[in-house]
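work-v1.cif (mmCIF, C-alpha atoms)
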data_coords
#
loop_
_atom_site.label_atom_id
_atom_site.label_comp_id
_atom_site.auth_asym_id
_atom_site.auth_seq_id
_atom_site.Cartn_x
_atom_site.Cartn_y
_atom_site.Cartn_z
CA MET I 1 0.00 0.00 0.00
CA GLN I 2 1.22 3.45 -0.80
CA LEU I 3 0.14 6.32 1.36
CA ALA I 4 -0.14 9.68 -0.30
CA ALA I 5 -0.05 12.51 2.21
CA PRO I 6 -3.09 14.68 1.55
CA MET I 7 -2.25 18.34 1.43
CA PHE I 8 -4.68 20.09 3.69
CA GLN I 9 -5.05 23.66 2.68
CA ASP I 10 -7.03 24.34 5.79
CA ARG I 11 -4.45 25.16 8.43
CA GLU I 12 -6.83 24.70 11.29
CA ARG I 13 -7.79 21.26 10.08
CA ARG I 14 -4.16 20.34 9.73
CA GLN I 15 -3.65 21.29 13.37
CA TRP I 16 -6.49 19.21 14.72
CA MET I 17 -5.58 16.24 12.54
CA GLY I 18 -2.07 16.48 13.96
CA LEU I 19 -3.48 16.53 17.50
CA LEU I 20 -5.76 13.58 16.80
CA SER I 21 -2.98 11.55 15.27
CA ARG I 22 -0.86 11.98 18.40
CA ALA I 23 -3.71 11.62 20.90
CA PRO I 24 -3.54 8.73 23.37
CA LEU I 25 -6.14 6.08 22.63
CA GLU I 26 -7.62 6.26 26.14
CA LEU I 27 -8.62 9.92 25.66
CA LEU I 28 -10.15 9.15 22.28
CA GLU I 29 -12.06 6.18 23.69
CA ALA I 30 -13.34 8.23 26.62
CA TRP I 31 -14.70 10.79 24.19
CA ALA I 32 -16.12 8.22 21.78
CA ALA I 33 -17.99 6.48 24.62
CA ARG I 34 -19.93 9.70 25.25
CA GLN I 35 -20.96 10.13 21.63
CA PRO I 36 -24.48 9.28 20.49
CA PRO I 37 -24.56 6.44 17.95
CA ARG I 38 -24.20 7.78 14.42
CA ALA I 39 -24.70 6.19 11.03
CA VAL I 40 -21.25 5.98 9.49
CA ILE I 41 -20.63 5.41 5.79
CA TRP I 42 -17.20 3.91 5.27
CA LEU I 43 -15.28 5.24 2.31
CA ARG I 44 -12.16 3.40 3.32
CA LYS I 45 -12.03 1.04 6.28
CA PRO I 46 -8.94 1.29 8.47
CA GLU I 47 -5.87 -0.09 6.72
CA THR I 48 -2.29 -0.20 7.87
CA GLY I 49 0.73 0.52 5.72
CA LEU I 50 4.08 2.20 5.62
CA ALA I 51 4.79 5.85 4.99
CA MET I 52 8.26 7.18 4.20
CA VAL I 53 9.22 10.00 6.52
CA ARG I 54 11.42 12.52 4.76
CA ALA I 55 13.42 15.27 6.38
CA ARG I 56 16.00 17.95 5.73
CA ALA I 57 19.14 18.29 7.80
CA GLY I 58 18.69 21.41 9.91
CA GLY I 59 15.39 22.05 8.15
CA THR I 60 17.16 23.56 5.16
CA GLY I 61 19.65 20.96 3.91
CA ALA I 62 19.22 18.30 1.30
CA GLN I 63 16.15 16.12 1.64
CA PHE I 64 16.72 12.57 2.78
CA ASN I 65 14.61 9.58 3.76
CA LEU I 66 14.61 9.35 7.53
CA GLY I 67 12.85 6.00 7.59
CA GLU I 68 9.53 4.29 7.24
CA MET I 69 6.84 4.48 9.85
CA THR I 70 3.69 2.46 10.35
CA VAL I 71 0.57 4.44 9.59
CA THR I 72 -3.09 3.49 9.80
CA ARG I 73 -5.57 5.48 7.77
CA CYS I 74 -9.28 5.49 7.13
CA ALA I 75 -12.00 7.68 5.67
CA LEU I 76 -15.65 7.84 6.61
CA ARG I 77 -18.67 10.03 6.11
CA ILE I 78 -21.33 11.05 8.57
CA GLU I 79 -24.69 12.06 7.18
CA GLY I 80 -25.21 15.79 7.75
CA SER I 81 -21.69 16.48 8.91
CA GLY I 82 -18.71 15.87 6.70
CA THR I 83 -16.11 13.49 5.44
CA GLY I 84 -13.56 12.56 8.05
CA LEU I 85 -10.04 11.40 7.37
CA ALA I 86 -7.45 10.06 9.71
CA TYR I 87 -3.80 9.16 9.40
CA VAL I 88 -2.46 7.94 12.72
CA GLN I 89 0.82 6.47 13.79
CA GLY I 90 0.84 2.76 14.56
CA ARG I 91 -1.53 -0.08 13.87
CA SER I 92 -4.57 0.87 15.92
CA ALA I 93 -7.61 0.72 13.65
CA ARG I 94 -9.76 1.94 16.51
CA LYS I 95 -7.63 5.05 16.92
CA ALA I 96 -7.91 5.85 13.23
CA GLU I 97 -11.66 5.31 13.35
CA ILE I 98 -12.23 7.66 16.28
CA ALA I 99 -9.86 10.27 14.83
CA ALA I 100 -11.73 10.20 11.51
CA LEU I 101 -15.06 10.48 13.32
CA ALA I 102 -13.77 13.51 15.21
CA ASP I 103 -12.42 15.01 11.99
CA ALA I 104 -15.86 14.70 10.38
CA LEU I 105 -17.62 16.24 13.38
CA LEU I 106 -15.14 19.10 13.55
CA GLN I 107 -16.29 20.14 10.09
CA GLY I 108 -19.97 20.17 10.98
CA ASP I 109 -22.35 21.60 13.54
CA ALA I 110 -20.79 19.67 16.42
CA ARG I 111 -17.55 21.60 15.93
CA ASP I 112 -17.52 23.57 19.17
CA ALA I 113 -18.57 20.69 21.38
CA THR I 114 -15.96 18.40 19.81
CA ARG I 115 -13.31 21.04 20.20
CA ARG I 116 -14.16 21.50 23.86
CA GLU I 117 -14.63 17.85 24.79
CA LEU I 118 -11.88 16.25 22.74
CA LEU I 119 -9.30 18.62 21.31
CA GLU I 120 -8.73 20.64 24.48
CA PRO I 121 -8.08 17.63 26.77
CA VAL I 122 -5.82 16.11 24.10
CA ARG I 123 -3.90 19.33 23.70
CA ALA I 124 -3.53 19.69 27.47
CA ARG I 125 -2.31 16.10 27.79
CA LEU I 126 0.22 16.45 24.98
CA GLU I 127 1.48 19.77 26.28
CA ALA I 128 1.87 18.38 29.81
CA ARG I 129 3.85 15.47 28.45
CA ALA I 130 6.05 17.73 26.35
CA ALA I 131 6.63 20.00 29.35
CA ARG I 132 7.58 17.05 31.54
CA LEU I 133 10.04 15.75 28.97
CA HIS I 134 11.47 19.23 28.60
CA ARG I 135 11.82 19.58 32.38
CA ASP I 136 13.52 16.21 32.72
CA ALA I 137 15.92 17.10 29.95
CA GLN I 138 16.61 20.53 31.43
CA ALA I 139 17.53 18.98 34.78
CA THR I 140 20.50 17.28 33.19
CA LYS I 141 21.57 20.29 31.17
CA VAL I 142 25.26 21.13 31.24
CA GLU I 143 26.49 24.55 30.16
CA PHE I 144 29.82 24.74 28.39
CA PHE I 145 31.73 28.01 28.41
CA THR I 146 34.69 29.03 26.39
CA LEU I 147 36.85 31.75 27.88
CA ALA I 148 37.75 33.69 24.80
CA ARG I 149 40.58 36.13 24.79
CA GLU I 150 39.38 39.66 24.31
CA ALA I 151 39.93 40.80 20.78
CA GLY I 152 42.68 43.37 20.23
CA ALA I 153 44.00 43.11 23.78
CA MET V 1 -6.82 18.37 -3.61
CA LEU V 2 -9.18 15.48 -4.09
CA ASP V 3 -12.74 16.41 -3.18
CA LEU V 4 -13.77 13.66 -0.83
CA THR V 5 -17.29 14.94 -0.29
CA ALA V 6 -18.35 13.53 -3.66
CA ILE V 7 -16.73 10.12 -3.41
CA ALA V 8 -18.95 7.10 -2.95
CA PRO V 9 -17.95 4.01 -0.97
CA GLY V 10 -16.20 1.15 -2.79
CA PHE V 11 -16.36 -2.49 -1.75
CA GLY V 12 -17.86 -3.07 1.68
CA ASP V 13 -15.32 -5.80 2.42
CA THR V 14 -12.34 -4.93 0.25
CA THR V 15 -10.55 -8.26 0.50
CA LEU V 16 -13.39 -10.74 0.03
CA GLU V 17 -15.42 -8.77 -2.49
CA SER V 18 -12.46 -7.90 -4.69
CA GLN V 19 -11.40 -11.56 -4.64
CA ALA V 20 -14.89 -12.61 -5.67
CA VAL V 21 -14.88 -10.15 -8.57
CA PHE V 22 -11.34 -11.17 -9.54
CA ARG V 23 -12.49 -14.80 -9.68
CA ARG V 24 -15.34 -13.82 -12.00
CA GLY V 25 -12.92 -11.87 -14.19
CA LEU V 26 -10.71 -14.95 -14.44
CA ALA V 27 -13.69 -17.09 -15.40
CA ALA V 28 -14.74 -14.56 -18.04
CA LEU V 29 -11.27 -14.53 -19.63
CA ALA V 30 -10.90 -18.31 -19.41
CA GLN V 31 -14.20 -18.91 -21.19
CA PRO V 32 -14.72 -16.23 -23.83
CA GLY V 33 -18.41 -15.71 -24.46
CA LEU V 34 -19.37 -16.71 -20.91
CA LEU V 35 -21.57 -14.04 -19.41
CA VAL V 36 -20.63 -13.36 -15.80
CA GLU V 37 -22.95 -11.48 -13.46
CA CYS V 38 -21.60 -9.13 -10.79
CA ASP V 39 -24.77 -8.90 -8.72
CA ASP V 40 -23.34 -7.41 -5.55
CA ALA V 41 -21.26 -4.72 -7.27
CA PRO V 42 -21.01 -1.42 -5.36
CA GLU V 43 -22.81 1.68 -6.60
CA PRO V 44 -20.59 3.08 -9.38
CA PRO V 45 -19.82 6.74 -10.10
CA PRO V 46 -21.99 8.34 -12.82
CA GLY V 47 -21.26 7.06 -16.32
CA VAL V 48 -19.73 3.76 -15.20
CA HIS V 49 -21.52 0.42 -15.32
CA PRO V 50 -21.51 -1.61 -12.07
CA ALA V 51 -19.66 -4.58 -13.60
CA ALA V 52 -16.91 -2.42 -15.14
CA ASN V 53 -16.57 -0.52 -11.89
CA ALA V 54 -16.32 -3.65 -9.73
CA LEU V 55 -13.77 -5.20 -12.08
CA LEU V 56 -11.54 -2.12 -12.00
CA LEU V 57 -11.82 -1.82 -8.22
CA ALA V 58 -10.63 -5.42 -8.00
CA LEU V 59 -7.83 -5.20 -10.56
CA LEU V 60 -6.25 -1.79 -10.06
CA ASP V 61 -3.60 -0.81 -7.56
CA HIS V 62 -0.95 1.87 -7.31
CA ASP V 63 1.27 0.15 -9.89
CA CYS V 64 -1.43 0.43 -12.58
CA ARG V 65 -1.73 3.17 -15.14
CA LEU V 66 -5.31 3.84 -16.14
CA TRP V 67 -6.71 5.65 -19.16
CA LEU V 68 -10.29 6.91 -19.13
CA SER V 69 -12.15 7.64 -22.36
CA PRO V 70 -12.95 11.35 -22.85
CA SER V 71 -16.57 11.43 -21.66
CA LEU V 72 -15.71 9.98 -18.25
CA ASN V 73 -15.43 13.01 -15.99
CA GLY V 74 -13.31 13.89 -12.99
CA ALA V 75 -15.68 12.16 -10.57
CA VAL V 76 -14.79 8.78 -12.08
CA ALA V 77 -11.08 9.53 -11.95
CA GLY V 78 -11.35 10.71 -8.34
CA TYR V 79 -13.34 7.65 -7.31
CA LEU V 80 -10.96 5.12 -8.86
CA ARG V 81 -7.87 6.96 -7.67
CA PHE V 82 -9.16 7.17 -4.13
CA HIS V 83 -10.13 3.53 -3.89
CA THR V 84 -7.29 1.90 -5.82
CA GLY V 85 -4.42 4.41 -5.85
CA CYS V 86 -4.01 3.93 -9.61
CA VAL V 87 -2.20 6.47 -11.77
CA LEU V 88 -4.12 8.23 -14.53
CA VAL V 89 -2.52 8.73 -17.93
CA GLY V 90 -3.55 11.05 -20.73
CA ALA V 91 -3.21 8.78 -23.74
CA PRO V 92 -4.13 5.13 -24.44
CA GLN V 93 -0.60 4.02 -25.35
CA TYR V 94 0.68 4.62 -21.79
CA ALA V 95 -2.08 2.66 -20.08
CA ASP V 96 -2.05 -0.79 -18.48
CA PHE V 97 -5.81 -0.58 -18.09
CA ALA V 98 -8.41 1.47 -19.88
CA LEU V 99 -12.06 2.19 -19.26
CA VAL V 100 -14.09 3.13 -22.33
CA ALA V 101 -17.48 4.69 -21.58
CA ARG V 102 -19.20 3.46 -24.76
CA ALA V 103 -18.34 1.64 -27.95
CA ALA V 104 -18.19 4.88 -29.95
CA GLU V 105 -15.33 6.13 -27.76
CA LEU V 106 -13.14 3.08 -28.24
CA PRO V 107 -9.93 4.27 -29.92
CA PRO V 108 -8.29 1.97 -32.50
CA LEU V 109 -7.02 -1.10 -30.66
CA GLU V 110 -3.54 -0.54 -32.04
CA SER V 111 -3.30 2.69 -30.03
CA PHE V 112 -3.05 0.59 -26.85
CA ASP V 113 0.17 -0.97 -25.64
CA GLY V 114 0.27 -4.57 -26.85
CA GLY V 115 3.33 -5.54 -24.81
CA SER V 116 6.44 -6.99 -26.41
CA ASP V 117 7.41 -10.45 -27.62
CA GLU V 118 9.49 -10.88 -24.45
CA PHE V 119 6.76 -9.53 -22.15
CA PRO V 120 3.41 -10.06 -23.90
CA GLU V 121 1.63 -10.01 -20.54
CA ARG V 122 2.26 -6.27 -20.39
CA GLY V 123 -0.36 -5.72 -23.07
CA ALA V 124 -3.18 -3.44 -21.98
CA THR V 125 -6.49 -4.66 -20.59
CA VAL V 126 -9.36 -2.61 -21.97
CA VAL V 127 -12.81 -2.51 -20.37
CA VAL V 128 -15.44 -1.44 -22.89
CA GLN V 129 -18.94 -0.54 -21.75
CA LEU V 130 -21.74 -1.52 -24.10
CA GLU V 131 -25.44 -0.74 -24.11
CA ALA V 132 -26.25 -4.40 -24.77
CA LEU V 133 -24.44 -7.64 -24.07
CA GLY V 134 -26.13 -10.98 -24.55
CA GLY V 135 -25.68 -14.63 -25.41
CA ALA V 136 -27.57 -15.21 -28.63
CA GLY V 137 -26.01 -12.78 -31.05
CA PRO V 138 -24.42 -12.47 -34.46
CA TRP V 139 -20.84 -12.98 -33.28
CA ARG V 140 -19.35 -16.47 -33.37
CA LEU V 141 -16.41 -16.84 -30.99
CA ARG V 142 -13.77 -19.51 -31.45
CA GLY V 143 -10.43 -20.21 -29.83
CA PRO V 144 -8.94 -21.42 -26.53
CA GLY V 145 -11.57 -21.74 -23.80
CA VAL V 146 -14.45 -22.04 -26.23
CA ARG V 147 -15.97 -25.47 -26.85
CA GLY V 148 -16.93 -25.41 -30.51
CA GLU V 149 -18.25 -21.91 -30.84
CA ALA V 150 -19.97 -19.36 -28.60
CA ARG V 151 -22.52 -16.81 -29.73
CA LEU V 152 -22.35 -13.24 -28.48
CA LEU V 153 -24.27 -10.02 -28.95
CA ALA V 154 -22.05 -6.98 -28.34
CA GLY V 155 -24.22 -3.95 -29.04
CA GLY V 156 -22.30 -1.06 -30.62
CA LEU V 157 -19.21 -2.89 -31.84
CA GLY V 158 -19.31 -3.16 -35.62
CA ALA V 159 -17.29 -4.29 -38.63
CA GLU V 160 -14.57 -1.73 -37.98
CA PHE V 161 -13.95 -3.24 -34.55
CA LEU V 162 -13.90 -6.77 -35.96
CA ALA V 163 -11.17 -5.79 -38.45
CA GLN V 164 -9.11 -4.29 -35.60
CA TRP V 165 -9.73 -7.37 -33.48
CA SER V 166 -8.47 -9.60 -36.25
CA ASP V 167 -5.29 -7.48 -36.51
CA ASN V 168 -4.93 -7.66 -32.73
CA GLY V 169 -5.05 -11.46 -32.86
CA ALA V 170 -2.51 -11.55 -35.68
CA GLN V 171 0.09 -9.90 -33.43
CA PHE V 172 0.06 -12.86 -31.04
CA PRO V 173 1.67 -13.22 -28.51
CA ARG V 174 1.38 -9.46 -28.32
CA GLY V 175 -1.99 -7.79 -28.16
CA VAL V 176 -4.63 -6.32 -25.88
CA ASP V 177 -7.29 -8.19 -23.91
CA LEU V 178 -10.84 -6.91 -23.66
CA PHE V 179 -13.57 -7.02 -21.10
CA LEU V 180 -17.03 -6.14 -22.33
CA ALA V 181 -19.32 -4.78 -19.64
CA SER V 182 -22.97 -3.89 -19.67
CA GLY V 183 -24.87 -3.20 -16.48
CA LYS V 184 -23.89 -5.93 -14.05
CA ARG V 185 -22.84 -8.29 -16.84
CA LEU V 186 -19.30 -9.01 -17.91
CA CYS V 187 -17.72 -10.95 -20.78
CA GLY V 188 -14.04 -11.54 -21.48
CA LEU V 189 -12.38 -11.39 -24.90
CA PRO V 190 -8.76 -12.48 -24.60
CA ARG V 191 -6.45 -11.81 -27.52
CA THR V 192 -6.61 -15.48 -28.58
CA THR V 193 -10.34 -15.38 -29.37
CA ARG V 194 -11.33 -15.25 -33.03
CA ILE V 195 -14.60 -13.58 -33.93
CA GLU V 196 -16.72 -14.09 -37.04
CA ALA V 197 -19.82 -12.06 -37.62
#
Structure rendered as structure tokens:
Amino acid sequence: MQLAAPMFQDRERRQWMGLLSRAPLELLEAWAARQPPRAVIWLRKPETGLAMVRARAGGTGAQFNLGEMTVTRCALRIEGSGTGLAYVQGRSARKAEIAALADALLQGDARDATRRELLEPVRARLEARAARLHRDAQATKVEFFTLAREAGA
Amino acid sequence: MLDLTAIAPGFGDTTLESQAVFRRGLAALAQPGLLVECDDAPEPPPGVHPAANALLLALLDHDCRLWLSPSLNGAVAGYLRFHTGCVLVGAPQYADFALVARAAELPPLESFDGGSDEFPERGATVVVQLEALGGAGPWRLRGPGVRGEARLLAGGLGAEFLAQWSDNGAQFPRGVDLFLASGKRLCGLPRTTRIEA
């Protein structure tokens, strides 16, 4: 399977899809359990494949292939809302399904509720984790100084 | 960007349904003149017959180059690209597979890639949609897979096509293979089949 990265023009959507793809499954499940049952039309059931991650050294250098990562994707449609897509890391079909459901709802009338009940907790969780990692790393930080001779002395 | 809001679902169960359709396609090619029914084919995009659509969904993947005849619009291209990942090409000679909306839009068979003597299996597979496809018709099919002769009615394909088909067969082992599709019905015409009208 080849995964083509869809180019989302909508910056906001790109942000929430990024959040959903990194969200822990337990938060997604907790949200999904509170959702009313909805009729879902599957465009593409969850399928797992490899995506090549490409990068540039220092963000500006020559492009190279960093490596392949496992990605699960799916697409679904909810009547009256929108078409939801998900590309998530790993092999969890359930995670892709909930992320796609949330993506569809975020494009429809349930936008604000979904933002409040799902995106905010996910963002808070991810930020707390990033802060903790940052703190732990900072605790071991070592500063190196070079005593340079003053120029022209 | 692909407009997903207009795309209809493909197979409900991708693996099992595409295998079932693939099996029918094999049967159709193995027994030219046999009419195969694709009863549980998914709803096709506008302009595409259910049997042709199901066959392409089963056959295509991201290694396949597909040519669509001119009257098939962007919705068809978007649908097939989304579900199969196939690559679209602008001219028949670059295509591994082709979908022709109606007999009148079928380009000369020689404009398709017929493979080479070393790799005859690379010849294109062309799916032609017809308004009528039936058993008791004016065509008499002979060749491998046909016991004696088989009768076929292929509405819209005339004498000009039969001359091209004869030339196609003369290139053996090179050549293109055809699938005729009408509604939910499918019939295979491999390059080895000889047709007399």
**Study point:** Distance criterion (only C-alpha atoms): nearest to chain V out of I:Leu76, I:Ala131, I:Met17, I:Ala124
**Key:**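 Answer, going by the shortest atom-to-atom distance: I:Leu76.
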What are the closest atom pairs, with distances in Å to one decimal, for all residues of segment 62-124 of chain I lying within 10 Å of segment 33-42 of chain I? Consider only C-alpha atoms, order rows by chain and residue number, and present the result as a tab-separated table.
residue	atom	partner	partner_atom	distance
I:Cys74	CA	I:Trp42	CA	8.3
I:Ala75	CA	I:Trp42	CA	6.4
I:Leu76	CA	I:Trp42	CA	4.4
I:Arg77	CA	I:Ile41	CA	5.0
I:Ile78	CA	I:Val40	CA	5.2
I:Glu79	CA	I:Ala39	CA	7.0
I:Thr83	CA	I:Ile41	CA	9.3
I:Gly84	CA	I:Trp42	CA	9.8
I:Glu97	CA	I:Trp42	CA	9.9
I:Leu101	CA	I:Val40	CA	8.6
I:Thr114	CA	I:Gln35	CA	9.8
I:Glu117	CA	I:Arg34	CA	9.7
**Study point:** Spatial neighbours of segment 179-181 of chain V, max dist 12 Å, only C-alpha atoms, sep filter under 3 positions, as number ranges by chain
**Key:** V: 24-38, 48-56, 97-103, 106, 124-134, 152-157, 176, 184-191
**Study point:** Exercise: Leu126 of chain I partners within 10 Å, only C-alpha atoms, chain neighbours under 5 positions left out, as a list of chain:residue names
**Key:** I:Leu19, I:Arg22, I:Ala23, I:Pro24, I:Glu120, I:Pro121, I:Ala131, I:Arg132
Practice item. Could you please select, counting all atoms listed in the file, the residues of chain V within 9 Å of chain I and state them as number ranges by chain? Key: V: 1-2, 4-5, 7-14, 61-62, 82-83, 85
Supply segment 96-109 of chain I as a PDB file, in the frame of the given file, with N, CA, C and O atoms built in where the input has gaps.
ATOM      1  N   ALA I  96      -7.653   5.188  14.511  1.00  0.00           N
ATOM      2  CA  ALA I  96      -7.910   5.850  13.230  1.00  0.00           C
ATOM      3  C   ALA I  96      -9.404   6.119  13.072  1.00  0.00           C
ATOM      4  O   ALA I  96      -9.808   7.187  12.610  1.00  0.00           O
ATOM      5  N   GLU I  97     -10.210   5.165  13.497  1.00  0.00           N
ATOM      6  CA  GLU I  97     -11.660   5.310  13.350  1.00  0.00           C
ATOM      7  C   GLU I  97     -12.179   6.494  14.158  1.00  0.00           C
ATOM      8  O   GLU I  97     -12.927   7.332  13.656  1.00  0.00           O
ATOM      9  N   ILE I  98     -11.743   6.574  15.430  1.00  0.00           N
ATOM     10  CA  ILE I  98     -12.230   7.660  16.280  1.00  0.00           C
ATOM     11  C   ILE I  98     -11.692   9.003  15.773  1.00  0.00           C
ATOM     12  O   ILE I  98     -12.401  10.008  15.749  1.00  0.00           O
ATOM     13  N   ALA I  99     -10.440   9.017  15.331  1.00  0.00           N
ATOM     14  CA  ALA I  99      -9.860  10.270  14.830  1.00  0.00           C
ATOM     15  C   ALA I  99     -10.608  10.742  13.581  1.00  0.00           C
ATOM     16  O   ALA I  99     -10.862  11.936  13.410  1.00  0.00           O
ATOM     17  N   ALA I 100     -10.997   9.815  12.722  1.00  0.00           N
ATOM     18  CA  ALA I 100     -11.730  10.200  11.510  1.00  0.00           C
ATOM     19  C   ALA I 100     -13.124  10.701  11.863  1.00  0.00           C
ATOM     20  O   ALA I 100     -13.620  11.668  11.277  1.00  0.00           O
ATOM     21  N   LEU I 101     -13.745  10.038  12.860  1.00  0.00           N
ATOM     22  CA  LEU I 101     -15.060  10.480  13.320  1.00  0.00           C
ATOM     23  C   LEU I 101     -14.973  11.908  13.845  1.00  0.00           C
ATOM     24  O   LEU I 101     -15.787  12.777  13.507  1.00  0.00           O
ATOM     25  N   ALA I 102     -13.950  12.169  14.651  1.00  0.00           N
ATOM     26  CA  ALA I 102     -13.770  13.510  15.210  1.00  0.00           C
ATOM     27  C   ALA I 102     -13.505  14.516  14.097  1.00  0.00           C
ATOM     28  O   ALA I 102     -14.034  15.631  14.110  1.00  0.00           O
ATOM     29  N   ASP I 103     -12.722  14.113  13.099  1.00  0.00           N
ATOM     30  CA  ASP I 103     -12.420  15.010  11.990  1.00  0.00           C
ATOM     31  C   ASP I 103     -13.703  15.392  11.250  1.00  0.00           C
ATOM     32  O   ASP I 103     -13.908  16.552  10.885  1.00  0.00           O
ATOM     33  N   ALA I 104     -14.590  14.416  11.065  1.00  0.00           N
ATOM     34  CA  ALA I 104     -15.860  14.700  10.380  1.00  0.00           C
ATOM     35  C   ALA I 104     -16.710  15.649  11.214  1.00  0.00           C
ATOM     36  O   ALA I 104     -17.285  16.603  10.685  1.00  0.00           O
ATOM     37  N   LEU I 105     -16.775  15.396  12.526  1.00  0.00           N
ATOM     38  CA  LEU I 105     -17.620  16.240  13.380  1.00  0.00           C
ATOM     39  C   LEU I 105     -17.074  17.654  13.485  1.00  0.00           C
ATOM     40  O   LEU I 105     -17.829  18.618  13.595  1.00  0.00           O
ATOM     41  N   LEU I 106     -15.750  17.783  13.435  1.00  0.00           N
ATOM     42  CA  LEU I 106     -15.140  19.100  13.550  1.00  0.00           C
ATOM     43  C   LEU I 106     -15.432  19.975  12.334  1.00  0.00           C
ATOM     44  O   LEU I 106     -15.202  21.176  12.345  1.00  0.00           O
ATOM     45  N   GLN I 107     -15.925  19.360  11.273  1.00  0.00           N
ATOM     46  CA  GLN I 107     -16.290  20.140  10.090  1.00  0.00           C
ATOM     47  C   GLN I 107     -17.766  20.472  10.050  1.00  0.00           C
ATOM     48  O   GLN I 107     -18.234  21.144   9.135  1.00  0.00           O
ATOM     49  N   GLY I 108     -18.518  19.963  11.020  1.00  0.00           N
ATOM     50  CA  GLY I 108     -19.970  20.170  10.980  1.00  0.00           C
ATOM     51  C   GLY I 108     -20.464  20.993  12.157  1.00  0.00           C
ATOM     52  O   GLY I 108     -19.719  21.769  12.759  1.00  0.00           O
ATOM     53  N   ASP I 109     -21.723  20.795  12.496  1.00  0.00           N
ATOM     54  CA  ASP I 109     -22.350  21.600  13.540  1.00  0.00           C
ATOM     55  C   ASP I 109     -21.778  21.290  14.928  1.00  0.00           C
ATOM     56  O   ASP I 109     -21.839  22.124  15.820  1.00  0.00           O
TER      57      ASP I 109
END
